[in-house]
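Working notes, beginning with the structure itself.
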Amino acid sequence: MATQSLLTLDARHPYAAKSLIDAQDMHRTVMSGFPGWVDDGSPDPRAQMGILSTWTLDLRNARLNLVVQSSVPADWSGVPRGALAEKPETLTVDRTFRVGDGVDFRTVVNPVRSIPPPPGSPPKTRGTRVAHTRPEHVKRWFAQRLQPAGEPATAPNGVTRVGADADTERLALRMLPRVSSSAKNKNLRLGRAEIKGTFTVTDPKAFVAALAQGIGHARAYSCGLILVR
């Protein structure tokens with residue numbers, strides 16, 4: 001069971017505007033709703049509290065719509081009153097899924113591929129993550145995470161699957177603007193894509209895990225949350 005907070009912020013207010021400009025500021029905005037749940041300096045507090053988020057920008061009405069999911073209750077009293085266009089809403093996510101259920105979904109992901117280190121690199125040198133920029137490559141990335149009926153929750157290449165299948169030809173896919181951060185030691189520049197479609201649940205346990213844990217990389221920066229209805 002999880003909770004989702006729905007925040008509608010005035011995109012013209014400095015508090016919201018800085019979150020749109022810098023991905024690290026957006027991360028701080030999201031995490032500001034969870035003071036005191038973990039010790040200062042505790043490793044990966046976002047994962048400990050099951051925090052995932054996603055946002056959309058309504059340019060016409062100057063609204064930043066932020067959805068924050070967590071395994072612990074949020075407290076948004078620290079958000080400046082002038083930054084809130086509406087009072088925050090909270091709902092409980094507690095739904096049972098069965099094999100064969102059809103579920104409409106939307107997700108914003110950071111689809112990347114890994115380039116191995118060049119020959120002669122020191123041992124344990126990590127490869128470089130490069131974002132996919134073409135819709136057909138993003139669709140292929142997403143298809144690797146689908147779980148056809150009868151298939152295990154982990155793909156042969158080690159990718160964690162989502163516990164559901166989908167018709168990739170009927171997915172609505174849109175490349176989104178990159179987000180970045182100039183914060184010291186971050187040097188973030190993240191590619192993003194929005195994917196909408198319909199899942200058919202094939203493995204309820206794996207599906208619930210995907211909803212709780214998200215998919216892909218950059219989950220600390222508002223990627224990977226799967227919204228369903």
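A note on labels: chains of the structure tokens are A, B, ... as shown, every chain counts residues from 1, and ligands are counted from 1 in their shown order.
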| message | Need to verify the contact set: Ser70 (chain A), 12 Å, only C-alpha atoms, exclusion of same-chain residues closer than 3 positions in sequence. Can you return it as JSON, numbers by chain? | response | {"A": [1, 2, 3, 4, 5, 6, 30, 31, 33, 34, 37, 45, 46, 47, 48, 49, 50, 51, 52, 53, 67, 73, 74, 75, 90, 91, 92, 93, 211, 212, 213, 214, 225]}
| task | Mind checking which residues fall within 12 Å of Asn110 (chain A), counting only C-alpha atoms, ignoring those fewer than 3 positions away in the same chain, and posting them as a ChimeraX atom specification? | result | /A:54,107,113,129-133,138,141-142,175-179,189-195,214-225
| request: From region 98-128 of chain A, collect each residue whose DSSP state is strand (DSSP E or B) and return the set as an NGL selection string. | output: :A and (102-109 or 112-115 or 128)
Write to file, as a compact mmCIF listing (two decimals), in the first residue's frame, the residues of the selection just made, with C-alpha atoms.
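Just written: again-v3.txt:
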```txt
# COMPACT_ATOMS: atom_id res chain seq x y z
CA GLY A 102 -6.33 -4.51 -18.38
CA VAL A 103 -4.82 -1.33 -16.92
CA ASP A 104 -4.31 2.03 -18.62
CA PHE A 105 -0.96 3.56 -17.70
CA ARG A 106 1.28 6.58 -18.11
CA THR A 107 4.95 6.81 -17.22
CA VAL A 108 7.87 9.15 -17.79
CA VAL A 109 11.12 7.24 -18.10
CA VAL A 112 19.35 4.70 -21.50
CA ARG A 113 21.82 2.26 -22.96
CA SER A 114 25.21 1.43 -21.52
CA ILE A 115 28.39 1.88 -23.56
CA THR A 128 28.78 5.24 -19.80
```
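Minimum atom-to-atom distance to Ala23 (chain A), evaluated using only C-alpha atoms, belongs to A:Ser180 out of A:Ser180, A:Asn187, A:Ser71, A:Thr154.
Between CA of Leu227 (chain A) and CA of Gln69 (chain A) the interatomic distance comes to 9.7 Å.
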| request: Work out how far CA of Lys87 (chain A) is from CA of Pro14 (chain A), in Å to one decimal. | output: 17.9 Å
| request: Just the residues within 9 Å of Ala153 (chain A), please, counting only C-alpha atoms, with nothing from its chain fewer than 2 positions along; format it as a list in words. | output: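 Close residues of Ala153 (chain A): Gln147, Glu151, Ala155, Val159, Thr160, Arg161, Val162, Gly163, Asp203 and Ala206 of chain A.
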| field | Atomic separation - CA of Gly36 (chain A) relative to CA of Glu86 (chain A), Å | value | 25.1 Å
| field | Nearest candidate to Leu57 (chain A) (options A:Ala11, A:Asp39, A:Ser77, A:Pro88; using only C-alpha atoms) | value |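 Ranking A:Ala11, A:Asp39, A:Ser77, A:Pro88 by distance to Leu57 (chain A), first place goes to A:Ala11.
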| request: List every residue of region 10-226 of chain A that DSSP, applied to the backbone of this structure, assigns to helix (DSSP H, G or I), and report them as a PyMOL selection string. | output: chain A and resi 14-21+23-31+45-48+81-83+135-143+168-170+204-213+219-221
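Nearest residue to Asp58 (chain A) among A:Pro35, A:Pro152, A:Lys18, A:Arg12 is A:Arg12, counting only C-alpha atoms.
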